Structure formats: structure tokens, C-alpha cells
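Undergrad: Input structure: final21.cif, which contains mmCIF, C-alpha atoms.
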```
data_final
#
loop_
_atom_site.group_PDB
_atom_site.id
_atom_site.type_symbol
_atom_site.label_atom_id
_atom_site.label_comp_id
_atom_site.auth_asym_id
_atom_site.auth_seq_id
_atom_site.Cartn_x
_atom_site.Cartn_y
_atom_site.Cartn_z
ATOM 1 C CA MET A 37 31.286 -38.726 -36.804
ATOM 2 C CA SER A 38 31.913 -41.808 -34.676
ATOM 3 C CA ILE A 39 35.177 -43.738 -34.617
ATOM 4 C CA ASN A 40 33.475 -46.586 -36.491
ATOM 5 C CA GLY A 41 32.236 -44.110 -39.100
ATOM 6 C CA LEU A 42 35.716 -42.665 -39.469
ATOM 7 C CA LEU A 43 37.234 -46.135 -39.843
ATOM 8 C CA ARG A 44 34.562 -47.083 -42.398
ATOM 9 C CA CYS A 45 35.304 -43.905 -44.362
ATOM 10 C CA PHE A 46 39.030 -44.617 -44.139
ATOM 11 C CA HIS A 47 38.474 -48.213 -45.269
ATOM 12 C CA HIS A 48 36.501 -47.159 -48.347
ATOM 13 C CA SER A 49 38.699 -44.223 -49.368
ATOM 14 C CA GLU A 50 41.119 -44.272 -52.263
ATOM 15 C CA PRO A 51 44.777 -44.392 -51.140
ATOM 16 C CA TYR A 52 45.957 -42.261 -54.061
ATOM 17 C CA TYR A 53 43.229 -39.613 -53.901
ATOM 18 C CA GLU A 54 44.647 -36.132 -54.512
ATOM 19 C CA THR A 55 43.400 -32.799 -53.265
ATOM 20 C CA GLU A 56 45.074 -29.508 -52.501
ATOM 21 C CA ASN A 57 42.710 -28.779 -49.600
ATOM 22 C CA PHE A 58 44.132 -31.324 -47.168
ATOM 23 C CA PRO A 59 47.572 -32.385 -48.376
ATOM 24 C CA ARG A 60 48.757 -33.635 -44.974
ATOM 25 C CA ILE A 61 45.653 -35.767 -44.495
ATOM 26 C CA VAL A 62 45.999 -37.204 -48.008
ATOM 27 C CA GLU A 63 49.634 -38.027 -47.268
ATOM 28 C CA ARG A 64 48.719 -39.777 -43.982
ATOM 29 C CA VAL A 65 45.846 -41.721 -45.587
ATOM 30 C CA ARG A 66 48.178 -42.917 -48.331
ATOM 31 C CA TYR A 67 50.736 -44.005 -45.738
ATOM 32 C CA PHE A 68 48.189 -45.804 -43.571
ATOM 33 C CA LYS A 69 46.579 -47.547 -46.529
ATOM 34 C CA THR A 70 49.712 -48.643 -48.357
ATOM 35 C CA GLN A 71 52.321 -49.511 -45.722
ATOM 36 C CA LYS A 72 51.969 -52.853 -43.946
ATOM 37 C CA GLU A 73 53.187 -51.583 -40.566
ATOM 38 C CA SER A 74 50.638 -48.756 -40.656
ATOM 39 C CA VAL A 75 47.775 -51.174 -41.384
ATOM 40 C CA THR A 76 48.821 -53.204 -38.338
ATOM 41 C CA MET A 77 48.989 -50.004 -36.291
ATOM 42 C CA MET A 78 45.471 -48.990 -37.374
ATOM 43 C CA CYS A 79 44.130 -52.435 -36.457
ATOM 44 C CA GLU A 80 45.740 -52.185 -33.020
ATOM 45 C CA ILE A 81 44.256 -48.719 -32.507
ATOM 46 C CA ALA A 82 40.803 -49.920 -33.559
ATOM 47 C CA ASP A 83 41.047 -52.915 -31.202
ATOM 48 C CA LYS A 84 42.120 -50.677 -28.326
ATOM 49 C CA ILE A 85 39.209 -48.321 -28.943
ATOM 50 C CA ARG A 86 36.778 -51.266 -28.978
ATOM 51 C CA GLN A 87 38.245 -52.692 -25.757
ATOM 52 C CA GLU A 88 38.045 -49.314 -24.028
ATOM 53 C CA GLY A 89 34.424 -48.986 -25.159
ATOM 54 C CA LYS A 90 33.574 -52.437 -23.834
ATOM 55 C CA ALA A 91 35.255 -51.694 -20.494
ATOM 56 C CA GLU A 92 33.391 -48.391 -20.196
ATOM 57 C CA GLY A 93 30.111 -50.115 -21.024
ATOM 58 C CA LYS A 94 30.751 -52.741 -18.350
ATOM 59 C CA ARG A 95 31.517 -50.062 -15.762
ATOM 60 C CA GLU A 96 28.357 -48.162 -16.648
ATOM 61 C CA GLY A 97 26.305 -51.375 -16.554
ATOM 62 C CA LYS A 98 27.643 -52.334 -13.136
ATOM 63 C CA ALA A 99 26.973 -48.845 -11.764
ATOM 64 C CA GLU A 100 23.419 -48.914 -13.118
ATOM 65 C CA GLY A 101 22.903 -52.381 -11.634
ATOM 66 C CA ARG A 102 24.088 -51.183 -8.221
ATOM 67 C CA ARG A 103 21.808 -48.145 -8.478
ATOM 68 C CA GLU A 104 18.800 -50.270 -9.383
ATOM 69 C CA GLY A 105 19.575 -52.685 -6.543
ATOM 70 C CA MET A 106 19.782 -49.844 -4.051
ATOM 71 C CA VAL A 107 16.483 -48.364 -5.265
ATOM 72 C CA GLU A 108 14.797 -51.780 -4.962
ATOM 73 C CA ALA A 109 16.189 -52.243 -1.439
ATOM 74 C CA ILE A 110 14.924 -48.828 -0.328
ATOM 75 C CA LEU A 111 11.469 -49.448 -1.767
ATOM 76 C CA GLU A 112 11.306 -52.900 -0.199
ATOM 77 C CA LEU A 113 12.102 -51.471 3.241
ATOM 78 C CA LEU A 114 9.557 -48.685 2.811
ATOM 79 C CA GLU A 115 6.823 -51.080 1.664
ATOM 80 C CA ASP A 116 7.058 -52.679 5.099
ATOM 81 C CA LEU A 117 6.037 -49.282 6.524
ATOM 82 C CA GLY A 118 2.968 -48.859 4.325
ATOM 83 C CA LYS A 119 1.830 -47.828 0.867
ATOM 84 C CA ILE A 120 4.522 -45.662 -0.693
ATOM 85 C CA PRO A 121 3.080 -42.454 -2.189
ATOM 86 C CA ASN A 122 3.671 -42.238 -5.950
ATOM 87 C CA CYS A 123 5.586 -38.948 -5.647
ATOM 88 C CA LEU A 124 7.986 -40.524 -3.110
ATOM 89 C CA ARG A 125 8.413 -43.675 -5.212
ATOM 90 C CA LYS A 126 9.107 -41.554 -8.295
ATOM 91 C CA ARG A 127 11.669 -39.411 -6.435
ATOM 92 C CA ILE A 128 13.541 -42.487 -5.209
ATOM 93 C CA CYS A 129 13.444 -44.201 -8.627
ATOM 94 C CA GLN A 130 14.790 -41.111 -10.399
ATOM 95 C CA GLU A 131 17.774 -40.610 -8.091
ATOM 96 C CA THR A 132 21.172 -41.394 -9.638
ATOM 97 C CA ASN A 133 23.560 -40.247 -6.893
ATOM 98 C CA PRO A 134 24.900 -43.438 -5.229
ATOM 99 C CA LYS A 135 25.877 -41.601 -2.019
ATOM 100 C CA LEU A 136 22.404 -40.173 -1.611
ATOM 101 C CA LEU A 137 20.812 -43.563 -2.320
ATOM 102 C CA SER A 138 23.046 -45.138 0.311
ATOM 103 C CA LYS A 139 22.014 -42.460 2.810
ATOM 104 C CA TRP A 140 18.330 -43.052 1.993
ATOM 105 C CA HIS A 141 18.809 -46.802 2.370
ATOM 106 C CA LYS A 142 20.111 -46.285 5.918
ATOM 107 C CA HIS A 143 17.194 -43.963 6.697
ATOM 108 C CA ALA A 144 14.724 -46.501 5.288
ATOM 109 C CA ALA A 145 16.231 -49.256 7.451
ATOM 110 C CA ARG A 146 15.890 -47.126 10.618
ATOM 111 C CA ALA A 147 12.564 -45.402 9.941
ATOM 112 C CA SER A 148 9.474 -46.406 11.873
ATOM 113 C CA SER A 149 7.135 -44.655 9.413
ATOM 114 C CA LEU A 150 7.044 -43.270 5.895
ATOM 115 C CA ALA A 151 6.706 -39.765 7.346
ATOM 116 C CA GLU A 152 9.884 -40.260 9.377
ATOM 117 C CA PHE A 153 11.714 -41.488 6.270
ATOM 118 C CA GLU A 154 10.555 -38.496 4.221
ATOM 119 C CA ALA A 155 11.621 -36.094 6.964
ATOM 120 C CA ASN A 156 15.077 -37.714 7.073
ATOM 121 C CA MET A 157 15.428 -37.578 3.278
ATOM 122 C CA LEU A 158 15.713 -33.820 3.499
ATOM 123 C CA LYS A 159 18.479 -33.828 6.104
#
```
In C-alpha cells, what does this structure look like?

TA:
Amino acid sequence: MSINGLLRCFHHSEPYYETENFPRIVERVRYFKTQKESVTMMCEIADKIRQEGKAEGKREGKAEGRREGMVEAILELLEDLGKIPNCLRKRICQETNPKLLSKWHKHAARASSLAEFEANMLK
């Protein structure tokens, strides 16, 4: 269950629900649903979780943008050397390791042929 699902479940639960199966959970739910300071605490926790999620999403988006930019730069350099074979294009486009992409970018900038680039990819 996601955090949002848990919060939704918490929001729609009855504060005075009784069960013998989970007495500690029932006690905590009652506290968090009936005490003002606990409601504020839950809101702060939910906000923090959302902010952390947004920050993580931004980091992932930036990393993916850098990866895509590096792939485009490599392909652009290689296109100057000739028609890029589909298997080579696919291999470059599928790579996710930024260090390897950086290495390939340097090789692409120095290569005088596609064959030379492919040979250097393996080094």
C-alpha cells in the first residue's frame, strides 16, 4: 500500500473503532484522529513525504535529461562519420550508465570512423 493509500485509509477510518487484534494500532489511530497536536503532526509528515517525493522526482528527471542529452550528443557526432548501424544506435540509446556514456562521448569526438568508435567502445 502506498503512503497516499495509507493516509486515505487513515482519513476514512473510525477513531473509536475497537478490535482485539491490533490494540496498539487502534490506540494510535484514536490518538492521531482525536488530538489536535497529532493531526498537525500527521499533516507535517504528509507534507514532508510529498516534498521528498517531489525532490526525488526532480533528481530522477534531471539525471534522465542528462542521459538523453549525452546519447543525442554521441549520435550526432557519429552521424558525421556515416550511417549508424541500428544495432549500434540501439546499444547507445539503451545505455543508462552516465560514466560509460561520457566515455563513449569522448570516443565519438575522437573517432575518425564508426569502426574505430565501435572498437573503442569495448575498451

Undergrad: Work out how far CA of Arg102 in chain A is from CA of Arg127 in chain A, in Å to one decimal.

TA: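 Answer for the CA of Arg127 in chain A to CA of Arg102 in chain A separation: 17.2 Å.
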
Undergrad: Tell me, in Å to one decimal, how far CA of Ala144 in chain A is from CA of Ala99 in chain A.

TA: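 Atom-to-atom, CA of Ala144 in chain A to CA of Ala99 in chain A, that is 21.1 Å.
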
Undergrad: So which residues get picked by the PyMOL selection byres ((chain A and resi 141) around 9) here, written as number ranges by chain?

TA: A: 106-107, 109-111, 113, 136-140, 142-146

Undergrad: Between CA of Arg103 in chain A and CA of Thr132 in chain A, what is the spacing in Å?

TA: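 Computing the Euclidean distance for CA of Thr132 in chain A and CA of Arg103 in chain A yields 6.9 Å.
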
Undergrad: I want to know what sits within 9 Å of Met77 in chain A, based on all atoms listed in the file, with residues of the same chain fewer than 5 positions away left out; could you give that as an MDAnalysis selection string?

TA: chainID A and resid 68 72 82

Undergrad: Find, counting all atoms listed in the file, the residue in A:Val75, A:Cys129, A:Leu150, A:Leu158 that gets nearest to Glu115 in chain A.

TA: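 Between A:Val75, A:Cys129, A:Leu150, A:Leu158, the residue approaching Glu115 in chain A most closely is A:Leu150.
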
Undergrad: Under the rule that all atoms listed in the file are counted, which of A:Lys159, A:Gly101, A:Ser148, A:Lys69 is the nearest residue to Leu114 in chain A?

TA: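 Looking only at the distances to Leu114 in chain A, the closest residue turns out to be A:Ser148.
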
Undergrad: Please identify all polymer residues within 10 Å of Ser149 in chain A, counting all atoms listed in the file, omitting same-chain residues fewer than 6 positions from it, and present them as a list in words.

TA: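 Non-adjacent residues within range: Leu114, Asp116, Leu117, Gly118 and Ala155 of chain A.
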
Undergrad: Let me make sure I understand: among A:Arg66, A:Ala151, A:Glu88, A:Glu100, which one has the smallest atom-to-atom distance to Asn133 in chain A if we use all atoms listed in the file?

TA: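 Using all atoms listed in the file, the shortest distance to Asn133 in chain A belongs to A:Glu100.
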
Undergrad: Return as lines of an AutoDock Vina configuration file the centre and edge lengths, in Å with one decimal, of the box along x, y and z that encloses every atom of range 128-146 of chain A in the file, padded by 5 Å per side.

TA:
```
center_x = 19.7
center_y = -44.7
center_z = 0.1
size_x = 22.4
size_y = 19.1
size_z = 31.0
```
